[in-house]
>>> print(open('entry.cif').read())   # mmCIF, C-alpha atoms
data_input
loop_
_atom_site.label_atom_id
_atom_site.label_comp_id
_atom_site.auth_asym_id
_atom_site.auth_seq_id
_atom_site.Cartn_x
_atom_site.Cartn_y
_atom_site.Cartn_z
CA MET A 1 -11.89 -12.12 21.02
CA LYS A 2 -15.64 -11.95 20.76
CA ALA A 3 -17.46 -11.26 17.51
CA LEU A 4 -18.20 -7.73 18.71
CA SER A 5 -14.53 -6.78 18.56
CA PHE A 6 -14.43 -6.43 14.77
CA LYS A 7 -17.11 -3.75 14.81
CA THR A 8 -15.65 -2.11 17.87
CA MET A 9 -12.22 -1.92 16.32
CA SER A 10 -13.67 -0.63 13.05
CA VAL A 11 -15.37 2.24 14.82
CA ALA A 12 -12.27 2.98 16.89
CA PHE A 13 -10.01 3.13 13.83
CA LEU A 14 -12.49 5.36 12.02
CA LEU A 15 -12.63 7.78 14.94
CA VAL A 16 -8.85 7.97 15.07
CA PHE A 17 -8.75 8.95 11.40
CA LEU A 18 -11.53 11.48 11.69
CA PHE A 19 -9.79 13.35 14.47
CA ILE A 20 -6.37 13.50 12.86
CA PRO A 21 -6.02 16.97 11.39
CA SER A 22 -5.18 17.42 7.74
CA SER A 23 -2.19 19.44 6.65
CA SER A 24 -2.73 23.11 7.04
CA ASN A 25 -3.52 25.05 3.90
CA PHE A 26 -0.49 26.89 2.75
CA SER A 27 -1.60 29.21 0.01
CA LEU A 28 0.66 31.66 -1.72
CA GLN A 29 0.48 35.07 -0.15
CA ALA A 30 0.77 38.32 -2.02
CA THR A 31 4.51 38.73 -2.43
CA GLU A 32 5.94 41.89 -1.03
CA THR A 33 8.61 43.59 -3.08
CA GLU A 34 11.34 42.82 -0.58
CA ASP A 35 10.52 39.12 -0.41
CA GLN A 36 12.80 36.73 -2.26
CA LEU A 37 11.20 34.36 -4.74
CA VAL A 38 13.07 31.14 -5.51
CA VAL A 39 11.96 28.78 -8.27
CA VAL A 40 12.85 25.10 -7.84
CA ASN A 41 12.46 22.90 -10.92
CA ILE A 42 11.77 19.40 -9.69
CA ASP A 43 12.15 16.21 -11.73
CA GLY A 44 9.81 13.26 -11.23
CA LEU A 45 6.90 15.22 -9.83
CA SER A 46 4.09 13.08 -11.17
CA CYS A 47 1.28 12.99 -8.63
CA PRO A 48 -0.21 15.59 -6.26
CA PHE A 49 -0.35 13.12 -3.34
CA CYS A 50 3.42 12.55 -3.55
CA ALA A 51 3.99 16.30 -3.78
CA PHE A 52 2.86 16.59 -0.18
CA GLY A 53 6.27 15.29 0.87
CA VAL A 54 7.95 18.05 -1.15
CA GLU A 55 5.86 20.70 0.56
CA LYS A 56 6.45 19.18 3.99
CA LYS A 57 10.21 19.04 3.57
CA LEU A 58 10.56 22.51 2.02
CA LYS A 59 8.35 24.12 4.65
CA ILE A 60 10.98 23.62 7.32
CA LEU A 61 13.54 25.78 5.49
CA GLU A 62 14.69 28.74 7.53
CA GLY A 63 13.07 32.02 6.56
CA LEU A 64 10.49 30.47 4.25
CA LYS A 65 7.29 32.51 4.19
CA ASP A 66 5.31 30.67 1.60
CA ILE A 67 5.39 27.82 -0.88
CA LEU A 68 3.40 26.93 -3.95
CA ILE A 69 3.72 23.58 -5.72
CA LYS A 70 2.87 23.70 -9.43
CA MET A 71 2.39 20.22 -10.82
CA ASP A 72 2.03 21.19 -14.46
CA GLU A 73 5.33 23.06 -14.44
CA GLY A 74 7.07 20.62 -12.05
CA GLN A 75 8.02 23.56 -9.85
CA ALA A 76 8.03 24.69 -6.27
CA LEU A 77 7.84 28.46 -5.83
CA LEU A 78 9.41 29.47 -2.55
CA THR A 79 8.97 32.88 -0.99
CA PHE A 80 11.66 33.74 1.56
CA GLU A 81 11.67 36.64 3.96
CA ALA A 82 13.73 39.65 3.00
CA GLY A 83 17.34 39.47 4.14
CA VAL A 84 17.40 35.73 4.69
CA THR A 85 20.40 33.92 3.25
CA ILE A 86 19.07 31.29 0.88
CA ASP A 87 20.76 27.93 1.37
CA VAL A 88 20.75 26.20 -2.01
CA GLU A 89 22.16 22.96 -0.59
CA ALA A 90 19.39 22.86 2.02
CA ILE A 91 16.80 23.23 -0.73
CA LYS A 92 18.38 20.40 -2.72
CA ALA A 93 18.53 18.18 0.36
CA ALA A 94 14.89 18.89 1.22
CA VAL A 95 13.76 17.89 -2.26
CA GLU A 96 15.93 14.77 -2.14
CA ASP A 97 14.50 13.83 1.28
CA SER A 98 11.05 14.01 -0.25
CA GLY A 99 12.01 11.44 -2.88
CA PHE A 100 12.52 13.70 -5.92
CA THR A 101 15.34 15.53 -7.68
CA ALA A 102 15.93 19.28 -7.68
CA ARG A 103 17.14 19.82 -11.25
CA GLU A 104 17.49 23.59 -11.10
CA ILE A 105 17.21 26.26 -8.45
CA ILE A 106 16.66 29.78 -9.74
CA LEU A 107 17.63 32.41 -7.18
CA PRO A 108 16.28 35.97 -7.08
CA GLN A 109 18.18 38.60 -9.01
CA SER A 110 20.38 40.52 -6.61
CA MET B 1 -6.42 -25.63 12.52
CA PHE B 2 -7.93 -27.89 9.90
CA ARG B 3 -11.39 -28.96 9.00
CA LYS B 4 -12.64 -31.84 6.91
CA TRP B 5 -14.02 -30.68 3.61
CA LYS B 6 -15.04 -32.93 0.76
CA GLY B 7 -12.75 -35.74 1.74
CA GLY B 8 -9.58 -33.79 2.39
CA PHE B 9 -7.99 -31.56 4.99
CA ILE B 10 -7.69 -27.96 3.98
CA LEU B 11 -6.65 -24.91 5.85
CA SER B 12 -9.51 -23.28 7.57
CA SER B 13 -10.49 -20.27 5.47
CA SER B 14 -7.00 -19.26 4.51
CA LEU B 15 -7.45 -15.57 3.70
CA TYR B 16 -6.36 -16.16 0.19
CA PHE B 17 -4.80 -12.77 -0.45
CA LEU B 18 -5.64 -10.59 2.52
CA GLY B 19 -2.68 -9.50 4.51
CA PHE B 20 -0.22 -10.59 1.84
CA ALA B 21 -0.92 -8.32 -1.04
CA ASN B 22 -0.03 -4.88 0.24
CA PHE B 23 3.42 -3.58 0.99
CA VAL B 24 3.90 -0.15 2.48
CA SER B 25 1.14 1.15 0.31
CA ALA B 26 1.02 4.65 -1.14
CA HIS B 27 0.19 5.84 -4.61
CA GLU B 28 0.18 2.37 -6.14
CA PRO B 29 -2.06 -0.66 -6.80
CA ILE B 30 -4.35 -1.72 -4.01
CA PHE B 31 -4.43 -5.47 -4.73
CA GLY B 32 -0.85 -5.72 -5.88
CA THR B 33 2.02 -3.50 -4.90
CA GLY B 34 4.45 -0.98 -6.31
CA PRO B 35 7.87 0.53 -5.61
CA HIS B 36 6.66 3.65 -3.79
CA THR B 37 8.16 4.58 -0.47
CA ILE B 38 7.47 7.61 1.71
CA TYR B 39 9.53 10.74 2.24
CA LYS B 40 12.23 10.75 4.93
CA ASP B 41 10.74 10.76 8.45
CA GLY B 42 7.29 10.59 6.92
CA ILE B 43 4.53 8.66 8.65
CA GLY B 44 1.77 7.03 6.70
CA LEU B 45 -1.37 5.71 8.33
CA GLU B 46 -3.78 3.57 6.41
CA MET B 47 -7.04 1.93 7.30
CA LYS B 48 -8.32 -0.53 4.77
CA TYR B 49 -11.41 -2.70 4.69
CA GLU B 50 -11.14 -5.86 2.60
CA ARG B 51 -13.58 -8.63 1.90
CA GLU B 52 -13.15 -11.94 0.16
CA GLN B 53 -16.28 -13.81 -0.81
CA SER B 54 -16.06 -17.52 -1.49
CA GLN B 55 -18.59 -20.25 -2.17
CA TYR B 56 -19.42 -21.11 1.43
CA GLY B 57 -18.46 -18.06 3.41
CA TYR B 58 -16.47 -14.89 3.51
CA ASP B 59 -13.51 -13.27 5.21
CA GLN B 60 -13.38 -9.60 5.96
CA ALA B 61 -10.58 -7.61 7.46
CA LEU B 62 -9.90 -4.15 8.71
CA HIS B 63 -6.18 -3.50 8.34
CA LEU B 64 -4.43 -0.78 10.30
CA HIS B 65 -1.19 -0.06 8.50
CA ALA B 66 1.53 2.30 9.69
CA THR B 67 4.55 3.22 7.56
CA TYR B 68 7.69 5.15 8.45
CA GLY B 69 10.28 6.52 6.03
CA LEU B 70 13.79 5.85 7.32
CA THR B 71 15.12 7.51 4.19
CA PRO B 72 13.28 8.67 1.07
CA ASP B 73 14.01 5.25 -0.44
CA TRP B 74 13.68 2.92 2.55
CA ALA B 75 10.47 2.40 4.46
CA VAL B 76 9.36 0.07 7.24
CA ALA B 77 5.80 -0.76 8.16
CA VAL B 78 3.60 -2.75 10.46
CA GLU B 79 0.18 -4.06 9.64
CA ILE B 80 -2.34 -5.17 12.24
CA PRO B 81 -5.46 -6.86 10.90
CA GLN B 82 -8.79 -7.18 12.62
CA LEU B 83 -10.56 -10.15 11.07
CA GLN B 84 -13.98 -11.62 10.85
CA LYS B 85 -14.39 -15.02 9.23
CA VAL B 86 -17.62 -16.74 8.40
CA GLU B 87 -17.77 -20.31 7.14
CA GLU B 88 -21.11 -22.00 6.81
CA ASN B 89 -22.33 -22.09 10.45
CA GLN B 90 -19.11 -20.95 12.09
CA ARG B 91 -17.80 -17.49 12.66
CA ALA B 92 -14.85 -15.97 14.50
CA ALA B 93 -13.50 -12.47 14.94
CA GLY B 94 -10.42 -10.86 16.43
CA THR B 95 -6.87 -9.86 15.72
CA GLY B 96 -5.14 -11.76 12.94
CA ASP B 97 -1.49 -12.27 12.12
CA VAL B 98 0.60 -9.12 12.45
CA MET B 99 2.97 -8.39 9.59
CA LEU B 100 6.27 -6.46 9.61
CA GLN B 101 7.35 -5.12 6.24
CA THR B 102 10.16 -3.23 4.62
CA LYS B 103 10.74 -1.82 1.16
CA TRP B 104 13.97 -0.51 -0.30
CA ARG B 105 13.74 1.50 -3.51
CA PHE B 106 17.22 0.90 -4.91
CA TYR B 107 16.63 2.52 -8.28
CA ARG B 108 14.90 5.79 -9.00
CA LYS B 109 15.18 7.92 -12.10
CA ASP B 110 13.40 11.27 -12.18
CA PHE B 111 12.54 13.01 -15.43
CA ALA B 112 11.82 16.66 -16.14
CA GLU B 113 8.42 15.92 -17.66
CA GLY B 114 7.16 14.61 -14.32
CA ARG B 115 7.98 10.96 -14.87
CA GLN B 116 9.52 8.63 -12.33
CA ASP B 117 10.91 5.12 -12.94
CA GLN B 118 11.48 3.01 -9.85
CA VAL B 119 12.52 -0.48 -8.73
CA ALA B 120 12.26 -1.72 -5.15
CA LEU B 121 12.99 -4.82 -3.10
CA LEU B 122 10.44 -6.05 -0.59
CA ALA B 123 10.61 -8.23 2.49
CA ALA B 124 8.06 -9.10 5.14
CA VAL B 125 7.56 -11.38 8.10
CA LYS B 126 4.13 -12.51 9.17
CA LEU B 127 4.00 -13.41 12.83
CA PRO B 128 1.72 -16.08 14.32
CA THR B 129 -0.28 -13.66 16.47
CA GLY B 130 -3.75 -14.69 15.32
CA ASP B 131 -5.90 -17.12 17.25
CA THR B 132 -5.45 -20.71 16.06
CA GLU B 133 -7.98 -22.19 18.48
CA SER B 134 -11.03 -20.45 17.06
CA GLU B 135 -13.24 -21.98 14.39
CA PRO B 136 -12.48 -20.83 11.82
CA THR B 137 -8.96 -19.92 12.79
CA LEU B 138 -7.82 -16.29 12.69
CA GLY B 139 -4.13 -17.03 12.36
CA SER B 140 -2.02 -19.49 10.46
CA GLY B 141 0.03 -20.51 13.48
CA SER B 142 3.19 -20.19 11.44
CA THR B 143 5.87 -17.58 10.86
CA ASP B 144 5.97 -16.79 7.16
CA THR B 145 8.35 -14.66 5.15
CA ILE B 146 7.95 -12.89 1.84
CA ILE B 147 10.61 -11.49 -0.46
CA GLY B 148 10.23 -9.93 -3.85
CA PHE B 149 10.67 -6.94 -6.06
CA THR B 150 8.48 -4.45 -7.82
CA VAL B 151 8.92 -2.00 -10.68
CA GLY B 152 6.92 1.05 -11.62
CA ARG B 153 6.73 3.91 -14.06
CA GLU B 154 4.63 6.94 -13.21
CA SER B 155 3.98 9.99 -15.28
CA ARG B 156 1.50 12.81 -15.07
CA THR B 157 -1.08 10.76 -16.96
CA LEU B 158 -0.04 7.07 -17.08
CA TYR B 159 0.96 4.49 -14.49
CA TYR B 160 2.54 1.04 -14.88
CA PHE B 161 3.35 -1.33 -12.05
CA ALA B 162 4.49 -4.95 -11.77
CA ASP B 163 5.63 -7.14 -8.92
CA LEU B 164 6.86 -10.65 -8.24
CA ARG B 165 7.09 -12.08 -4.75
CA TYR B 166 7.83 -15.45 -3.15
CA ARG B 167 6.19 -16.48 0.09
CA MET B 168 7.87 -19.08 2.27
CA ASN B 169 5.46 -20.48 4.79
CA GLY B 170 6.61 -21.93 8.07
CA GLU B 171 5.24 -24.88 9.97
CA ASN B 172 2.30 -24.57 12.31
CA ASP B 173 2.51 -24.93 16.05
CA LYS B 174 2.40 -28.77 15.87
CA LYS B 175 -0.72 -29.31 17.89
CA ALA B 176 -1.92 -32.90 18.36
CA SER B 177 1.27 -34.28 16.84
CA LEU B 178 0.29 -32.87 13.48
CA THR B 179 2.72 -30.71 11.59
CA LEU B 180 1.05 -28.63 8.94
CA LYS B 181 2.95 -26.55 6.46
CA LYS B 182 1.20 -24.43 3.91
CA GLY B 183 2.69 -24.60 0.48
CA ASN B 184 5.11 -21.91 -0.58
CA ALA B 185 3.71 -19.52 -3.13
CA TRP B 186 4.60 -17.17 -5.94
CA LEU B 187 2.60 -13.95 -6.00
CA TYR B 188 2.55 -11.69 -9.02
CA GLY B 189 0.78 -8.62 -10.26
CA ALA B 190 0.67 -6.12 -13.09
CA SER B 191 -1.31 -2.90 -13.29
CA PHE B 192 -1.99 -0.14 -15.71
CA GLY B 193 -3.46 3.19 -14.68
CA PHE B 194 -4.36 6.56 -16.07
CA ARG B 195 -5.25 9.95 -14.72
CA PRO B 196 -8.37 11.13 -16.58
CA TRP B 197 -7.57 14.78 -16.00
CA LEU B 198 -4.50 16.58 -14.72
CA SER B 199 -4.83 18.21 -11.35
CA GLU B 200 -2.73 20.68 -9.44
CA TYR B 201 -1.45 20.05 -5.94
CA TRP B 202 -4.28 21.94 -4.26
CA GLU B 203 -6.94 20.10 -6.29
CA PRO B 204 -8.32 16.58 -5.80
CA GLY B 205 -6.61 14.01 -8.01
CA LEU B 206 -8.05 10.82 -9.45
CA VAL B 207 -6.38 7.76 -10.97
CA PHE B 208 -8.09 4.68 -12.39
CA LEU B 209 -6.23 1.37 -12.49
CA MET B 210 -6.82 -2.05 -13.99
CA GLU B 211 -5.10 -4.66 -11.89
CA LEU B 212 -4.17 -8.25 -12.68
CA PHE B 213 -2.71 -10.38 -9.93
CA GLY B 214 -2.40 -14.01 -8.94
CA LYS B 215 -0.91 -16.73 -6.85
CA GLN B 216 0.72 -20.06 -7.68
CA GLN B 217 0.88 -22.15 -4.51
CA ALA B 218 2.34 -25.57 -3.81
CA LYS B 219 0.33 -28.17 -1.92
CA ASN B 220 0.15 -28.03 1.84
CA THR B 221 1.76 -30.87 3.73
CA LEU B 222 0.59 -32.66 6.84
CA ASN B 223 3.38 -34.59 8.56
CA ASN B 224 5.28 -34.23 5.29
CA GLN B 225 2.45 -35.81 3.29
CA ALA B 226 1.05 -33.64 0.51
CA LEU B 227 -2.62 -32.79 0.86
CA GLU B 228 -4.39 -33.31 -2.42
CA ASN B 229 -7.07 -30.64 -2.06
CA THR B 230 -4.69 -27.77 -1.54
CA GLY B 231 -2.59 -25.46 -3.66
CA GLY B 232 -3.06 -24.39 -7.23
CA HIS B 233 -3.03 -21.33 -9.38
CA SER B 234 -5.47 -18.43 -9.34
CA THR B 235 -5.53 -15.16 -11.22
CA PHE B 236 -7.77 -12.20 -10.49
CA MET B 237 -8.47 -9.00 -12.36
CA GLY B 238 -10.41 -5.88 -11.63
CA PRO B 239 -10.61 -2.10 -11.61
CA SER B 240 -9.52 0.14 -8.78
CA PHE B 241 -9.22 3.84 -8.10
CA LEU B 242 -7.02 6.25 -6.14
CA TRP B 243 -8.53 9.56 -5.12
CA SER B 244 -6.28 12.03 -3.37
CA TYR B 245 -6.42 15.47 -1.88
CA LYS B 246 -3.10 16.79 -0.60
CA ASN B 247 -2.02 14.31 2.09
CA TRP B 248 -5.26 12.30 2.11
CA MET B 249 -6.00 9.42 -0.20
CA ALA B 250 -9.03 7.17 -0.62
CA THR B 251 -8.70 3.90 -2.51
CA GLY B 252 -11.10 1.24 -3.63
CA GLY B 253 -11.49 -1.66 -6.01
CA VAL B 254 -13.09 -4.96 -6.79
CA SER B 255 -11.60 -8.00 -8.49
CA VAL B 256 -12.99 -11.27 -9.78
CA PRO B 257 -11.25 -14.51 -10.69
CA VAL B 258 -10.31 -14.93 -14.32
CA MET B 259 -8.72 -18.33 -13.68
CA GLN B 260 -8.83 -20.73 -10.72
CA ASN B 261 -6.91 -23.90 -11.45
CA LEU B 262 -7.00 -25.39 -7.98
CA ASN B 263 -5.79 -28.87 -7.05
CA GLY B 264 -8.45 -31.44 -6.16
CA GLU B 265 -11.66 -30.09 -4.74
CA GLN B 266 -11.43 -26.68 -3.12
CA GLU B 267 -13.72 -23.85 -2.26
CA LYS B 268 -13.48 -21.21 -4.98
CA GLN B 269 -13.22 -17.48 -4.53
CA GLN B 270 -15.93 -15.31 -6.03
CA TYR B 271 -14.69 -11.76 -5.61
CA GLN B 272 -12.51 -9.46 -3.55
CA PHE B 273 -13.38 -5.95 -2.52
CA ALA B 274 -11.24 -3.28 -0.88
CA LEU B 275 -11.84 0.23 0.36
CA GLY B 276 -9.29 2.29 2.23
CA ILE B 277 -8.20 5.67 3.45
CA GLU B 278 -4.62 6.82 3.89
CA LEU B 279 -3.00 9.81 5.51
CA HIS B 280 0.58 11.01 5.23
CA MET B 281 1.96 13.14 8.05
#
>>> encode(input="entry.cif", output="structure tokens")
Amino acid sequence: MKALSFKTMSVAFLLVFLFIPSSSNFSLQATETEDQLVVVNIDGLSCPFCAFGVEKKLKILEGLKDILIKMDEGQALLTFEAGVTIDVEAIKAAVEDSGFTAREIILPQS
Amino acid sequence: MFRKWKGGFILSSSLYFLGFANFVSAHEPIFGTGPHTIYKDGIGLEMKYEREQSQYGYDQALHLHATYGLTPDWAVAVEIPQLQKVEENQRAAGTGDVMLQTKWRFYRKDFAEGRQDQVALLAAVKLPTGDTESEPTLGSGSTDTIIGFTVGRESRTLYYFADLRYRMNGENDKKASLTLKKGNAWLYGASFGFRPWLSEYWEPGLVFLMELFGKQQAKNTLNNQALENTGGHSTFMGPSFLWSYKNWMATGGVSVPVMQNLNGEQEKQQYQFALGIELHM
């Protein structure tokens, strides 16, 4: 290839990165009284960058309205829609798929 | 493939570390490597600029690196480098040798206080896709393999990484009845890092690292005859940083030689510089 190709490829790669969207913000909404809040205590949660995988995997759970990752507490706070059956095994599997361990899952008081 | 330099054949600007140092990178050293993988079905894209300055020229590379998580503990990756090499009055640019990589994290222990201990095996194959006709050459002309392992301990504030790898270089494409084989090499690294302040998931995070890494390489052979001005032992050290925001990460670092015990007369490295950006999807 000609000498120009290095610069050309550099610019092309940069453009690709600039136009890839970031993850959507997923902030915790005001919890309605009928929503179900589940607390997941996660072991090994050391860095915020790695926590993205936890959020990504938990976000696909059925009936999940909102999620908040708390690094200091090593927790994921999950808000499920009212009436949804919470699948504990699915939560555990999602955390495991993200490369961490779900030590404890605290379900809402019935 | 070769050029005459101070009385001995050496490999044309051999990209001393570029393209060999990084393995399925994530939240780990940028000159060495670590045991990190990516979450299941995760895709990581990285673009990294690297430059190596030596006495009589420089190499620079733009690596496009794509990683896929087959499982949370097993990742595969491909790295495609775009190179530019400058040696005295010669320069060449184009695609270099493509590398296929895999990493298997066979041990992982998670702790409640946010600590993670990990050990992983690494393997890679570097394919002879780079141009060997250019001056200087952009590819080695050989198929090389790397195997090794890496360990790491991460906590909310401190990071430790170490790795040991062995690179087995193949023979070149035997042009002009000459069979060149680069010497096999041991690669090693150790890093220590700290997070100056704790950050939450929705806040930018910063980690500083001090990296030490090196290479012990046997002499190259030409038609099974050892080449005197090749091979040796070099060790580099330098600071680096990891800056992240959710699924984006920027990395950078510079390293300088702390020891270059090279055989015969060889061009010495002066510094290495790297700057990258990574996205997980």
>>> atom_distance(input="entry.cif", atom1="CA of Asp97 in chain B", atom2="CA of Glu265 in chain B")
26.6 Å
>>> interface_residues(input="entry.cif", of="chain A", to="chain B", cutoff="6 Å", atoms="all atoms listed in the file", output="PDB file with C-alpha atoms, in the coordinates of the input")
ATOM      1  CA  MET A   1     -11.890 -12.120  21.020  1.00  0.00           C
ATOM      2  CA  ALA A   3     -17.460 -11.260  17.510  1.00  0.00           C
ATOM      3  CA  ASP A  43      12.150  16.210 -11.730  1.00  0.00           C
ATOM      4  CA  GLY A  44       9.810  13.260 -11.230  1.00  0.00           C
ATOM      5  CA  LEU A  45       6.900  15.220  -9.830  1.00  0.00           C
ATOM      6  CA  SER A  46       4.090  13.080 -11.170  1.00  0.00           C
ATOM      7  CA  PRO A  48      -0.210  15.590  -6.260  1.00  0.00           C
ATOM      8  CA  PHE A  49      -0.350  13.120  -3.340  1.00  0.00           C
ATOM      9  CA  PHE A  52       2.860  16.590  -0.180  1.00  0.00           C
ATOM     10  CA  GLY A  53       6.270  15.290   0.870  1.00  0.00           C
ATOM     11  CA  MET A  71       2.390  20.220 -10.820  1.00  0.00           C
ATOM     12  CA  ASP A  97      14.500  13.830   1.280  1.00  0.00           C
ATOM     13  CA  SER A  98      11.050  14.010  -0.250  1.00  0.00           C
ATOM     14  CA  GLY A  99      12.010  11.440  -2.880  1.00  0.00           C
TER      15      GLY A  99
END
>>> resolve_selection(input="entry.cif", expression="the PyMOL selection byres ((chain A and resi 73-85) around 7)", output="PyMOL selection string")
(chain A and resi 34-43+45+63-72+86-87) or (chain B and resi 114)
>>> closest_residue(input="entry.cif", among="B:Glu133, B:Trp197, B:Thr102, B:Ala274", to="Cys47 in chain A", atoms="all atoms listed in the file")
B:Trp197
>>> residues_near_point(input="entry.cif", point="(1.9, -18.0, 8.6)", cutoff="12 Å", atoms="all atoms listed in the file", output="PDB file with C-alpha atoms, in the coordinates of the input")
ATOM      1  CA  MET B   1      -6.420 -25.630  12.520  1.00  0.00           C
ATOM      2  CA  LEU B  11      -6.650 -24.910   5.850  1.00  0.00           C
ATOM      3  CA  SER B  14      -7.000 -19.260   4.510  1.00  0.00           C
ATOM      4  CA  LEU B  15      -7.450 -15.570   3.700  1.00  0.00           C
ATOM      5  CA  TYR B  16      -6.360 -16.160   0.190  1.00  0.00           C
ATOM      6  CA  GLY B  19      -2.680  -9.500   4.510  1.00  0.00           C
ATOM      7  CA  PHE B  20      -0.220 -10.590   1.840  1.00  0.00           C
ATOM      8  CA  GLY B  96      -5.140 -11.760  12.940  1.00  0.00           C
ATOM      9  CA  ASP B  97      -1.490 -12.270  12.120  1.00  0.00           C
ATOM     10  CA  VAL B  98       0.600  -9.120  12.450  1.00  0.00           C
ATOM     11  CA  MET B  99       2.970  -8.390   9.590  1.00  0.00           C
ATOM     12  CA  ALA B 124       8.060  -9.100   5.140  1.00  0.00           C
ATOM     13  CA  VAL B 125       7.560 -11.380   8.100  1.00  0.00           C
ATOM     14  CA  LYS B 126       4.130 -12.510   9.170  1.00  0.00           C
ATOM     15  CA  LEU B 127       4.000 -13.410  12.830  1.00  0.00           C
ATOM     16  CA  PRO B 128       1.720 -16.080  14.320  1.00  0.00           C
ATOM     17  CA  THR B 129      -0.280 -13.660  16.470  1.00  0.00           C
ATOM     18  CA  GLY B 130      -3.750 -14.690  15.320  1.00  0.00           C
ATOM     19  CA  ASP B 131      -5.900 -17.120  17.250  1.00  0.00           C
ATOM     20  CA  THR B 132      -5.450 -20.710  16.060  1.00  0.00           C
ATOM     21  CA  THR B 137      -8.960 -19.920  12.790  1.00  0.00           C
ATOM     22  CA  LEU B 138      -7.820 -16.290  12.690  1.00  0.00           C
ATOM     23  CA  GLY B 139      -4.130 -17.030  12.360  1.00  0.00           C
ATOM     24  CA  SER B 140      -2.020 -19.490  10.460  1.00  0.00           C
ATOM     25  CA  GLY B 141       0.030 -20.510  13.480  1.00  0.00           C
ATOM     26  CA  SER B 142       3.190 -20.190  11.440  1.00  0.00           C
ATOM     27  CA  THR B 143       5.870 -17.580  10.860  1.00  0.00           C
ATOM     28  CA  ASP B 144       5.970 -16.790   7.160  1.00  0.00           C
ATOM     29  CA  THR B 145       8.350 -14.660   5.150  1.00  0.00           C
ATOM     30  CA  ILE B 146       7.950 -12.890   1.840  1.00  0.00           C
ATOM     31  CA  ARG B 167       6.190 -16.480   0.090  1.00  0.00           C
ATOM     32  CA  MET B 168       7.870 -19.080   2.270  1.00  0.00           C
ATOM     33  CA  ASN B 169       5.460 -20.480   4.790  1.00  0.00           C
ATOM     34  CA  GLY B 170       6.610 -21.930   8.070  1.00  0.00           C
ATOM     35  CA  GLU B 171       5.240 -24.880   9.970  1.00  0.00           C
ATOM     36  CA  ASN B 172       2.300 -24.570  12.310  1.00  0.00           C
ATOM     37  CA  ASP B 173       2.510 -24.930  16.050  1.00  0.00           C
ATOM     38  CA  LEU B 180       1.050 -28.630   8.940  1.00  0.00           C
ATOM     39  CA  LYS B 181       2.950 -26.550   6.460  1.00  0.00           C
ATOM     40  CA  LYS B 182       1.200 -24.430   3.910  1.00  0.00           C
ATOM     41  CA  GLY B 183       2.690 -24.600   0.480  1.00  0.00           C
ATOM     42  CA  ASN B 184       5.110 -21.910  -0.580  1.00  0.00           C
ATOM     43  CA  ALA B 185       3.710 -19.520  -3.130  1.00  0.00           C
TER      44      ALA B 185
END
>>> closest_residue(input="entry.cif", among="B:Asn89, B:Thr33, B:Asn261, B:Thr251", to="Gly232 in chain B", atoms="only C-alpha atoms")
B:Asn261
>>> atom_distance(input="entry.cif", atom1="CA of Gln217 in chain B", atom2="CA of Leu121 in chain B")
21.2 Å
>>> atom_distance(input="entry.cif", atom1="CA of Glu135 in chain B", atom2="CA of Asp59 in chain B")
12.7 Å
>>> axis_aligned_box(input="entry.cif", around="range 64-80 of chain A", padding_each_side="8 Å", output="AutoDock Vina command-line options")
--center_x 6.8 --center_y 27.0 --center_z -5.1 --size_x 25.6 --size_y 29.5 --size_z 34.7
>>> resolve_selection(input="entry.cif", expression="the PyMOL selection byres ((chain B and resi 208) around 6)", output="PyMOL selection string")
chain B and resi 193-194+207+209+240-241
>>> closest_residue(input="entry.cif", among="B:Pro136, B:Gly34, B:Gly152, B:Gly231", to="Lys219 in chain B", atoms="all atoms listed in the file")
B:Gly231
>>> residues_near_point(input="entry.cif", point="(6.0, -7.3, -6.6)", cutoff="6 Å", atoms="only C-alpha atoms", output="number ranges by chain")
B: 33, 148-150, 162-165
>>> residues_around(input="entry.cif", residues="range 234-236 of chain B", least_positions_apart="3", cutoff="12 Å", atoms="all atoms listed in the file", output="compact mmCIF listing (two decimals) with C-alpha atoms, in the coordinates of the input")
# COMPACT_ATOMS: atom_id res chain seq x y z
CA TYR B 16 -6.36 -16.16 0.19
CA PHE B 17 -4.80 -12.77 -0.45
CA PHE B 31 -4.43 -5.47 -4.73
CA GLY B 32 -0.85 -5.72 -5.88
CA GLU B 52 -13.15 -11.94 0.16
CA ALA B 185 3.71 -19.52 -3.13
CA TRP B 186 4.60 -17.17 -5.94
CA LEU B 187 2.60 -13.95 -6.00
CA TYR B 188 2.55 -11.69 -9.02
CA GLY B 189 0.78 -8.62 -10.26
CA ALA B 190 0.67 -6.12 -13.09
CA SER B 191 -1.31 -2.90 -13.29
CA MET B 210 -6.82 -2.05 -13.99
CA GLU B 211 -5.10 -4.66 -11.89
CA LEU B 212 -4.17 -8.25 -12.68
CA PHE B 213 -2.71 -10.38 -9.93
CA GLY B 214 -2.40 -14.01 -8.94
CA LYS B 215 -0.91 -16.73 -6.85
CA GLN B 216 0.72 -20.06 -7.68
CA GLN B 217 0.88 -22.15 -4.51
CA ALA B 218 2.34 -25.57 -3.81
CA GLY B 231 -2.59 -25.46 -3.66
CA PRO B 239 -10.61 -2.10 -11.61
CA VAL B 254 -13.09 -4.96 -6.79
CA SER B 255 -11.60 -8.00 -8.49
CA VAL B 256 -12.99 -11.27 -9.78
CA PRO B 257 -11.25 -14.51 -10.69
CA VAL B 258 -10.31 -14.93 -14.32
CA MET B 259 -8.72 -18.33 -13.68
CA GLN B 260 -8.83 -20.73 -10.72
CA ASN B 261 -6.91 -23.90 -11.45
CA LEU B 262 -7.00 -25.39 -7.98
CA ASN B 263 -5.79 -28.87 -7.05
CA GLN B 266 -11.43 -26.68 -3.12
CA LYS B 268 -13.48 -21.21 -4.98
CA GLN B 269 -13.22 -17.48 -4.53
CA GLN B 270 -15.93 -15.31 -6.03
CA TYR B 271 -14.69 -11.76 -5.61
CA GLN B 272 -12.51 -9.46 -3.55
CA PHE B 273 -13.38 -5.95 -2.52
